[in-house]
$ cat upload_35.txt   # compact mmCIF, C-alpha atoms
# COMPACT_ATOMS: atom_id res chain seq x y z
CA LEU A 25 0.00 0.00 0.00
CA ILE A 26 1.54 3.30 -1.13
CA GLY A 27 2.08 5.73 1.73
CA ALA A 28 1.53 3.14 4.46
CA ILE A 29 3.60 3.44 7.65
CA PRO A 30 5.67 0.35 8.39
CA ALA A 31 4.48 -1.48 11.49
CA SER A 32 7.89 -1.22 13.19
CA GLU A 33 7.94 2.56 12.77
CA LEU A 34 4.34 2.89 13.97
CA ARG A 35 5.13 0.95 17.16
CA ARG A 36 8.17 3.13 17.76
CA GLU A 37 6.12 6.33 17.43
CA LEU A 38 3.39 5.07 19.76
CA ARG A 39 5.98 4.37 22.47
CA LYS A 40 7.11 8.00 22.51
CA PRO A 41 5.65 10.27 25.24
CA TRP A 42 3.09 12.79 24.03
CA PRO A 43 4.51 16.29 24.60
CA TYR A 44 1.13 17.93 25.34
CA LEU A 45 0.16 15.57 28.16
CA PRO A 46 1.79 16.56 31.47
CA PRO A 47 3.11 13.70 33.58
CA PHE A 48 0.74 12.68 36.32
CA PRO A 49 2.12 12.56 39.87
CA PRO A 50 1.92 9.21 41.64
CA PRO A 51 -1.28 8.78 43.68
CA ARG A 52 -1.06 9.84 47.30
CA ILE A 53 -1.93 6.95 49.57
CA VAL A 54 -3.34 8.03 52.90
CA SER A 55 -2.84 5.61 55.72
CA CYS A 56 -6.24 4.86 57.20
CA ARG A 57 -8.22 1.95 58.48
CA TRP A 58 -11.79 1.07 57.57
CA MET A 59 -13.84 -1.56 59.33
CA GLN A 60 -17.43 -2.71 59.11
CA ALA A 61 -19.37 -1.03 61.91
CA GLY A 62 -22.83 -2.52 61.38
CA PRO A 63 -25.64 -2.91 61.95
CA THR A 64 -25.12 -6.25 60.22
CA ASN A 65 -28.64 -7.65 60.50
CA VAL A 66 -30.41 -4.94 58.47
CA PRO A 67 -32.30 -6.58 55.56
CA GLY A 68 -31.25 -4.03 52.93
CA ARG A 69 -29.69 -0.64 52.28
CA VAL A 70 -28.55 2.01 54.73
CA THR A 71 -30.17 5.16 53.34
CA GLY A 72 -29.05 7.95 55.70
CA MET A 73 -26.99 8.63 58.80
CA ALA A 74 -26.27 11.30 61.37
CA VAL A 75 -23.70 11.56 64.14
CA THR A 76 -24.14 13.71 67.23
CA LYS A 77 -22.63 14.07 70.66
CA GLN A 78 -24.08 12.80 73.91
CA PRO A 79 -24.17 15.31 76.79
CA SER A 80 -23.69 12.51 79.30
CA SER A 81 -20.71 11.08 77.39
CA PRO A 82 -19.12 13.79 75.21
CA GLY A 83 -16.32 11.54 73.99
CA THR A 84 -18.65 8.88 72.60
CA PRO A 85 -20.77 9.81 69.56
CA ARG A 86 -24.37 8.81 69.07
CA VAL A 87 -25.00 7.42 65.58
CA ILE A 88 -28.46 7.27 63.96
CA VAL A 89 -29.00 5.48 60.65
CA THR A 90 -32.09 5.07 58.49
CA THR A 91 -32.45 1.86 56.50
CA VAL A 92 -34.97 -0.15 54.54
CA GLY A 93 -35.26 -2.11 57.81
CA GLY A 94 -36.20 0.82 60.04
CA VAL A 95 -34.25 3.30 62.18
CA TRP A 96 -31.20 2.13 64.13
CA ARG A 97 -29.12 3.75 66.86
CA SER A 98 -25.71 3.22 68.40
CA MET A 99 -24.82 4.84 71.71
CA ASP A 100 -21.20 3.65 71.77
CA GLY A 101 -19.71 4.94 68.53
CA ALA A 102 -21.07 2.15 66.28
CA ARG A 103 -19.87 -0.76 68.42
CA THR A 104 -23.37 -2.04 69.19
CA TRP A 105 -26.76 -1.24 67.63
CA GLU A 106 -30.45 -1.31 68.47
CA ARG A 107 -33.47 -0.75 66.28
CA VAL A 108 -35.46 2.17 67.68
CA SER A 109 -38.38 2.19 65.23
CA ASP A 110 -40.32 -0.84 66.45
CA ARG A 111 -43.03 1.38 67.97
CA MET A 112 -43.26 3.54 64.87
CA LYS A 113 -45.44 2.95 61.85
CA PRO A 114 -43.66 0.19 59.88
CA GLY A 115 -41.94 1.04 56.64
CA VAL A 116 -38.73 2.12 54.96
CA PHE A 117 -36.89 5.22 56.18
CA GLY A 118 -34.63 7.31 53.98
CA ALA A 119 -33.62 10.57 55.69
CA VAL A 120 -32.36 11.70 59.10
CA ALA A 121 -31.38 15.08 60.57
CA VAL A 122 -30.30 16.33 63.99
CA THR A 123 -31.30 19.82 65.12
CA PRO A 124 -28.17 22.02 65.33
CA GLY A 125 -27.42 22.85 68.95
CA LEU A 126 -29.93 20.28 70.25
CA SER A 127 -28.15 16.96 70.03
CA GLY A 128 -31.11 15.03 71.44
CA GLU A 129 -33.64 16.25 68.86
CA ILE A 130 -33.79 14.00 65.79
CA PHE A 131 -36.05 13.90 62.74
CA VAL A 132 -36.39 10.93 60.37
CA GLY A 133 -38.32 10.67 57.13
CA GLY A 134 -39.89 7.67 55.46
CA GLY A 135 -39.56 6.23 51.97
CA ASP A 136 -36.82 4.62 49.92
CA PRO A 137 -34.80 7.28 48.04
CA ASN A 138 -33.02 4.63 45.96
CA TYR A 139 -36.07 2.86 44.57
CA ARG A 140 -36.51 3.47 40.86
CA ASP A 141 -40.19 4.36 41.11
CA PRO A 142 -40.79 7.00 43.83
CA ALA A 143 -44.56 6.63 43.35
CA ARG A 144 -44.27 3.13 44.84
CA ALA A 145 -41.47 3.78 47.34
CA GLY A 146 -43.30 5.86 49.94
CA GLY A 147 -42.84 5.44 53.65
CA PRO A 148 -44.45 6.29 57.01
CA GLY A 149 -43.98 10.08 56.91
CA ILE A 150 -41.88 12.29 59.21
CA TRP A 151 -41.14 11.32 62.82
CA HIS A 152 -39.53 13.23 65.66
CA SER A 153 -37.68 12.41 68.90
CA THR A 154 -36.49 14.80 71.58
CA SER A 155 -34.78 12.09 73.64
CA GLY A 156 -31.89 11.12 71.40
CA GLY A 157 -33.92 8.54 69.50
CA ASP A 158 -35.11 6.46 72.48
CA PRO A 159 -37.51 3.78 71.17
CA ALA A 160 -40.54 5.10 73.07
CA SER A 161 -39.91 8.76 72.23
CA TRP A 162 -40.80 8.90 68.52
CA GLN A 163 -43.90 10.79 67.44
CA PRO A 164 -45.32 11.45 63.95
CA VAL A 165 -45.05 15.16 63.14
CA GLY A 166 -45.39 15.36 59.37
CA PRO A 167 -48.43 16.45 57.36
CA PRO A 168 -50.82 13.63 56.39
CA GLU A 169 -50.11 14.05 52.67
CA LEU A 170 -46.51 12.95 53.23
CA ASP A 171 -47.42 9.67 54.93
CA ASP A 172 -46.95 7.81 51.63
CA ALA A 173 -44.21 10.02 50.17
CA VAL A 174 -40.46 9.62 49.86
CA ILE A 175 -38.59 11.99 52.17
CA PHE A 176 -35.29 12.55 50.38
CA ARG A 177 -33.74 15.19 52.63
CA LEU A 178 -34.42 16.92 55.95
CA GLN A 179 -32.69 20.12 56.99
CA ILE A 180 -33.20 22.00 60.25
CA SER A 181 -32.64 25.72 60.76
CA PRO A 182 -29.66 26.27 63.10
CA ALA A 183 -31.25 29.26 64.85
CA GLY A 184 -34.55 30.73 65.92
CA ASN A 185 -37.41 28.26 66.03
CA HIS A 186 -35.40 25.51 64.27
CA ASP A 187 -37.82 25.31 61.36
CA VAL A 188 -37.79 22.14 59.26
CA PHE A 189 -37.29 21.99 55.48
CA THR A 190 -37.70 18.82 53.47
CA ALA A 191 -37.39 17.61 49.88
CA THR A 192 -40.03 15.01 49.04
CA SER A 193 -41.59 13.16 46.14
CA LYS A 194 -44.50 15.59 46.51
CA GLY A 195 -42.44 18.80 46.46
CA VAL A 196 -40.66 21.02 48.98
CA TYR A 197 -42.24 21.50 52.41
CA TRP A 198 -41.53 23.96 55.19
CA GLY A 199 -42.34 23.18 58.82
CA ASP A 200 -42.96 26.37 60.80
CA ARG A 201 -42.20 25.88 64.50
CA SER A 202 -42.97 29.40 65.70
CA SER A 203 -45.84 28.15 67.86
CA GLY A 204 -43.36 26.19 69.97
CA THR A 205 -45.54 23.10 70.37
CA THR A 206 -46.66 21.92 66.94
CA ILE A 207 -45.20 22.13 63.44
CA ALA A 208 -47.30 23.98 60.86
CA TRP A 209 -46.50 22.54 57.44
CA SER A 210 -46.90 24.25 54.09
CA ARG A 211 -45.83 23.34 50.58
CA LEU A 212 -43.49 25.88 49.02
CA LYS A 213 -45.00 26.26 45.56
CA GLY A 214 -43.96 29.86 44.96
CA GLY A 215 -46.11 32.71 43.75
CA SER A 216 -48.70 32.53 41.02
CA ALA A 217 -46.31 34.24 38.58
CA ASN A 218 -43.66 31.53 38.96
CA PRO A 219 -45.17 28.38 40.48
CA PHE A 220 -43.17 25.27 41.28
CA ASP A 221 -44.71 21.91 42.15
CA ALA A 222 -42.32 19.25 40.83
CA PRO A 223 -41.17 16.28 42.94
CA THR A 224 -37.87 17.17 44.60
CA SER A 225 -35.00 14.83 45.40
CA ASP A 226 -32.68 17.20 47.30
CA ILE A 227 -32.49 20.60 48.97
CA ALA A 228 -29.81 22.82 50.45
CA VAL A 229 -30.78 25.74 52.66
CA HIS A 230 -28.65 28.82 53.26
CA PHE A 231 -29.43 30.99 56.27
CA ASP A 232 -28.22 34.58 56.30
CA ALA A 233 -27.16 36.50 59.41
CA ALA A 234 -30.80 37.25 60.23
CA GLY A 235 -31.78 33.60 59.85
CA THR A 236 -33.72 34.15 56.60
CA PRO A 237 -33.59 30.98 54.48
CA THR A 238 -32.79 30.67 50.79
CA LEU A 239 -33.61 27.24 49.40
CA TYR A 240 -31.96 25.46 46.50
CA ALA A 241 -33.87 22.44 45.20
CA ARG A 242 -33.27 19.72 42.65
CA SER A 243 -36.38 18.34 40.99
CA TYR A 244 -36.36 15.03 39.16
CA GLY A 245 -39.71 14.98 37.38
CA ARG A 246 -42.32 17.15 35.79
CA GLY A 247 -44.95 18.88 37.86
CA THR A 248 -48.08 20.57 36.60
CA ASN A 249 -46.21 23.76 35.77
CA ARG A 250 -42.47 23.12 35.88
CA ALA A 251 -40.03 20.52 34.58
CA ALA A 252 -37.03 18.85 36.17
CA GLY A 253 -34.05 21.02 36.97
CA PHE A 254 -32.40 23.16 39.64
CA TRP A 255 -34.47 25.78 41.43
CA LYS A 256 -34.01 28.61 43.92
CA PHE A 257 -36.60 29.87 46.41
CA THR A 258 -36.19 33.13 48.31
CA GLY A 259 -39.70 33.47 49.67
CA SER A 260 -40.58 36.36 47.37
$ encode --input "upload_35.txt" --output "structure tokens"
Amino acid sequence: LIGAIPASELRRELRKPWPYLPPFPPPRIVSCRWMQAGPTNVPGRVTGMAVTKQPSSPGTPRVIVTTVGGVWRSMDGARTWERVSDRMKPGVFGAVAVTPGLSGEIFVGGGDPNYRDPARAGGPGIWHSTSGGDPASWQPVGPPELDDAVIFRLQISPAGNHDVFTATSKGVYWGDRSSGTTIAWSRLKGGSANPFDAPTSDIAVHFDAAGTPTLYARSYGRGTNRAAGFWKFTGS
């Protein structure tokens, strides 16, 4: 074949370093040690976790995990575990959050965030404990319409009334705790000029110096008015 490159010359050229690719440094290996910490008898996925301190034992963290087999707690830094959801409505749990500054106040949300069809992956709603997750301390606090929804994310305000914000398969919800005793829930759909009602798989909330929240939400499906995407809510 006229103009063909001999195989020996082609191999020689391919062995040469390419001048426009900088040499990569060798990977940095960090000395660390991982070990399985359990719980080992959960029949499925671990879907969320939170770590908080214990006032009675500051050096030993309290670990709360949500799983497809309920809510589990360790009081000795993940050495031993107990399931604390046996007195709760049965179902899968997928989100957990600890109130900033109140290490004993814990929220968990139901539903399986990893199931491919969120319409069929709902759970037992939102539950609340003020006693560090003690089995007998959990109470349902979510709105009834979220009892069969997937709770993807819970975030608690670090100041003021410690309001609750959650991303769910039925949209973004805000739990107003200004009354001090109950949580008044409302769906954040925005104003009539720019409505938003799509199912939401994640939120991040920024609080300014005055405690005013700005929400960032990721929607994964079409609502009545808006399609999937990334959204920002400022309350105006």
$ residues_around --input "upload_35.txt" --residues "range 188-205 of chain A" --least-positions-apart "2" --cutoff "6 Å" --atoms "all atoms listed in the file" --output "compact mmCIF listing (two decimals) with C-alpha atoms, in the coordinates of the input"
# COMPACT_ATOMS: atom_id res chain seq x y z
CA ALA A 173 -44.21 10.02 50.17
CA VAL A 174 -40.46 9.62 49.86
CA ILE A 175 -38.59 11.99 52.17
CA PHE A 176 -35.29 12.55 50.38
CA ARG A 177 -33.74 15.19 52.63
CA LEU A 178 -34.42 16.92 55.95
CA GLN A 179 -32.69 20.12 56.99
CA ILE A 180 -33.20 22.00 60.25
CA ASN A 185 -37.41 28.26 66.03
CA ILE A 207 -45.20 22.13 63.44
CA ALA A 208 -47.30 23.98 60.86
CA TRP A 209 -46.50 22.54 57.44
CA SER A 210 -46.90 24.25 54.09
CA ARG A 211 -45.83 23.34 50.58
CA LEU A 212 -43.49 25.88 49.02
CA ASP A 221 -44.71 21.91 42.15
CA ALA A 222 -42.32 19.25 40.83
CA PRO A 223 -41.17 16.28 42.94
CA THR A 224 -37.87 17.17 44.60
CA SER A 225 -35.00 14.83 45.40
CA ASP A 226 -32.68 17.20 47.30
CA ILE A 227 -32.49 20.60 48.97
$ closest_residue --input "upload_35.txt" --among "A:Gly62, A:Gly235, A:Pro137, A:Pro79" --to "Trp105 in chain A" --atoms "only C-alpha atoms"
A:Gly62
$ atom_distance --input "upload_35.txt" --atom1 "CA of Asp171 in chain A" --atom2 "CA of Thr206 in chain A"
17.2 Å
$ atom_distance --input "upload_35.txt" --atom1 "CA of Gly166 in chain A" --atom2 "CA of Phe254 in chain A"
24.9 Å
$ closest_residue --input "upload_35.txt" --among "A:Phe220, A:Glu33, A:Leu126, A:Thr258" --to "Ser243 in chain A" --atoms "only C-alpha atoms"
A:Phe220
$ closest_residue --input "upload_35.txt" --among "A:Ala145, A:Lys256, A:Lys213, A:Thr154" --to "Val229 in chain A" --atoms "all atoms listed in the file"
A:Lys256
$ residues_near_point --input "upload_35.txt" --point "(-44.0, 9.3, 61.7)" --cutoff "8 Å" --atoms "all atoms listed in the file" --output "PyMOL selection string"
chain A and resi 112-113+132-134+148-152+162-166+171
$ residues_near_point --input "upload_35.txt" --point "(-34.1, 3.0, 59.3)" --cutoff "8 Å" --atoms "all atoms listed in the file" --output "JSON list (two decimals) with C-alpha atoms, in the coordinates of the input"
[["chain", "number", "residue", "atom", "x", "y", "z"],
["A", 70, "VAL", "CA", -28.55, 2.01, 54.73],
["A", 71, "THR", "CA", -30.17, 5.16, 53.34],
["A", 72, "GLY", "CA", -29.05, 7.95, 55.70],
["A", 89, "VAL", "CA", -29.00, 5.48, 60.65],
["A", 90, "THR", "CA", -32.09, 5.07, 58.49],
["A", 91, "THR", "CA", -32.45, 1.86, 56.50],
["A", 92, "VAL", "CA", -34.97, -0.15, 54.54],
["A", 93, "GLY", "CA", -35.26, -2.11, 57.81],
["A", 94, "GLY", "CA", -36.20, 0.82, 60.04],
["A", 95, "VAL", "CA", -34.25, 3.30, 62.18],
["A", 96, "TRP", "CA", -31.20, 2.13, 64.13],
["A", 107, "ARG", "CA", -33.47, -0.75, 66.28],
["A", 109, "SER", "CA", -38.38, 2.19, 65.23],
["A", 116, "VAL", "CA", -38.73, 2.12, 54.96],
["A", 117, "PHE", "CA", -36.89, 5.22, 56.18],
["A", 118, "GLY", "CA", -34.63, 7.31, 53.98]]
$ closest_residue --input "upload_35.txt" --among "A:Pro159, A:Ala241, A:Phe257, A:His186" --to "Arg111 in chain A" --atoms "only C-alpha atoms"
A:Pro159
$ closest_residue --input "upload_35.txt" --among "A:Met99, A:Lys77, A:Thr104, A:Leu170" --to "Gly128 in chain A" --atoms "only C-alpha atoms"
A:Lys77
$ axis_aligned_box --input "upload_35.txt" --around "range 166-172 of chain A" --padding-each-side "6 Å" --output "lines of an AutoDock Vina configuration file"
center_x = -48.1
center_y = 12.1
center_z = 55.5
size_x = 17.4
size_y = 20.6
size_z = 19.7
$ atom_distance --input "upload_35.txt" --atom1 "CA of Pro85 in chain A" --atom2 "CA of Met73 in chain A"
12.5 Å
$ closest_residue --input "upload_35.txt" --among "A:Ala121, A:Thr64, A:Arg35, A:Tyr244" --to "Asp141 in chain A" --atoms "only C-alpha atoms"
A:Tyr244
$ decode --input "upload_35.txt" --residues "range 163-207 of chain A" --atoms "N, CA and C atoms" --output "compact mmCIF listing (two decimals), in the first residue's frame"
# COMPACT_ATOMS: atom_id res chain seq x y z
N GLN A 163 -42.53 10.36 67.71
CA GLN A 163 -43.90 10.79 67.44
C GLN A 163 -44.01 11.25 65.98
N PRO A 164 -45.14 10.95 65.32
CA PRO A 164 -45.32 11.45 63.95
C PRO A 164 -45.60 12.96 63.97
N VAL A 165 -44.89 13.71 63.15
CA VAL A 165 -45.05 15.16 63.14
C VAL A 165 -45.27 15.72 61.74
N GLY A 166 -45.26 14.88 60.73
CA GLY A 166 -45.39 15.36 59.37
C GLY A 166 -46.84 15.57 58.97
N PRO A 167 -47.07 16.28 57.87
CA PRO A 167 -48.43 16.45 57.36
C PRO A 167 -48.96 15.13 56.80
N PRO A 168 -50.27 14.91 56.86
CA PRO A 168 -50.82 13.63 56.39
C PRO A 168 -50.49 13.30 54.94
N GLU A 169 -50.36 14.32 54.08
CA GLU A 169 -50.11 14.05 52.67
C GLU A 169 -48.73 13.48 52.41
N LEU A 170 -47.84 13.52 53.41
CA LEU A 170 -46.51 12.95 53.23
C LEU A 170 -46.39 11.56 53.84
N ASP A 171 -47.49 11.00 54.32
CA ASP A 171 -47.42 9.67 54.93
C ASP A 171 -47.07 8.58 53.93
N ASP A 172 -47.30 8.81 52.64
CA ASP A 172 -46.95 7.81 51.63
C ASP A 172 -45.92 8.36 50.66
N ALA A 173 -45.20 9.40 51.05
CA ALA A 173 -44.21 10.02 50.17
C ALA A 173 -42.81 9.53 50.48
N VAL A 174 -41.88 9.84 49.60
CA VAL A 174 -40.46 9.62 49.86
C VAL A 174 -39.86 10.91 50.40
N ILE A 175 -39.28 10.85 51.58
CA ILE A 175 -38.59 11.99 52.17
C ILE A 175 -37.12 11.86 51.81
N PHE A 176 -36.67 12.67 50.86
CA PHE A 176 -35.29 12.55 50.38
C PHE A 176 -34.30 13.26 51.28
N ARG A 177 -34.69 14.41 51.84
CA ARG A 177 -33.74 15.19 52.63
C ARG A 177 -34.49 16.00 53.68
N LEU A 178 -33.92 16.07 54.88
CA LEU A 178 -34.42 16.92 55.95
C LEU A 178 -33.32 17.88 56.36
N GLN A 179 -33.66 19.15 56.52
CA GLN A 179 -32.69 20.12 56.99
C GLN A 179 -33.36 21.02 58.01
N ILE A 180 -32.65 21.25 59.12
CA ILE A 180 -33.20 22.00 60.25
C ILE A 180 -32.47 23.34 60.36
N SER A 181 -33.23 24.40 60.58
CA SER A 181 -32.64 25.72 60.76
C SER A 181 -31.76 25.72 62.01
N PRO A 182 -30.55 26.29 61.94
CA PRO A 182 -29.66 26.27 63.10
C PRO A 182 -30.00 27.30 64.16
N ALA A 183 -30.96 28.17 63.90
CA ALA A 183 -31.25 29.26 64.85
C ALA A 183 -32.75 29.46 64.93
N GLY A 184 -33.14 30.37 65.80
CA GLY A 184 -34.55 30.73 65.92
C GLY A 184 -35.40 29.58 66.39
N ASN A 185 -36.46 29.31 65.65
CA ASN A 185 -37.41 28.26 66.03
C ASN A 185 -36.99 26.88 65.56
N HIS A 186 -35.85 26.77 64.85
CA HIS A 186 -35.40 25.51 64.27
C HIS A 186 -36.46 24.94 63.32
N ASP A 187 -36.86 25.76 62.36
CA ASP A 187 -37.82 25.31 61.36
C ASP A 187 -37.26 24.14 60.57
N VAL A 188 -38.17 23.35 59.98
CA VAL A 188 -37.79 22.14 59.26
C VAL A 188 -38.08 22.34 57.77
N PHE A 189 -37.13 21.94 56.94
CA PHE A 189 -37.29 21.99 55.48
C PHE A 189 -37.04 20.58 54.94
N THR A 190 -37.86 20.17 53.97
CA THR A 190 -37.70 18.82 53.47
C THR A 190 -37.98 18.74 51.98
N ALA A 191 -37.17 17.93 51.29
CA ALA A 191 -37.39 17.61 49.88
C ALA A 191 -38.10 16.27 49.81
N THR A 192 -39.22 16.22 49.08
CA THR A 192 -40.03 15.01 49.04
C THR A 192 -40.48 14.72 47.61
N SER A 193 -41.04 13.53 47.44
CA SER A 193 -41.59 13.16 46.14
C SER A 193 -42.85 13.94 45.81
N LYS A 194 -43.33 14.75 46.74
CA LYS A 194 -44.50 15.59 46.51
C LYS A 194 -44.15 17.08 46.56
N GLY A 195 -42.86 17.41 46.47
CA GLY A 195 -42.44 18.80 46.46
C GLY A 195 -41.66 19.19 47.70
N VAL A 196 -41.40 20.48 47.84
CA VAL A 196 -40.66 21.02 48.98
C VAL A 196 -41.63 21.50 50.04
N TYR A 197 -41.37 21.11 51.30
CA TYR A 197 -42.24 21.50 52.41
C TYR A 197 -41.43 22.25 53.46
N TRP A 198 -42.11 23.17 54.11
CA TRP A 198 -41.53 23.96 55.19
C TRP A 198 -42.35 23.73 56.46
N GLY A 199 -41.68 23.37 57.54
CA GLY A 199 -42.34 23.18 58.82
C GLY A 199 -42.07 24.35 59.74
N ASP A 200 -43.08 25.17 59.96
CA ASP A 200 -42.96 26.37 60.80
C ASP A 200 -43.15 25.97 62.26
N ARG A 201 -42.15 26.26 63.10
CA ARG A 201 -42.20 25.88 64.50
C ARG A 201 -42.35 27.09 65.43
N SER A 202 -42.87 28.18 64.90
CA SER A 202 -42.97 29.40 65.70
C SER A 202 -43.95 29.26 66.85
N SER A 203 -44.89 28.32 66.76
CA SER A 203 -45.84 28.15 67.86
C SER A 203 -45.19 27.51 69.07
N GLY A 204 -44.09 26.79 68.86
CA GLY A 204 -43.36 26.19 69.97
C GLY A 204 -43.83 24.81 70.36
N THR A 205 -45.02 24.41 69.97
CA THR A 205 -45.54 23.10 70.37
C THR A 205 -45.80 22.19 69.18
N THR A 206 -46.36 22.72 68.12
CA THR A 206 -46.66 21.92 66.94
C THR A 206 -45.91 22.50 65.73
N ILE A 207 -45.85 21.70 64.68
CA ILE A 207 -45.20 22.13 63.44
C ILE A 207 -46.28 22.39 62.41
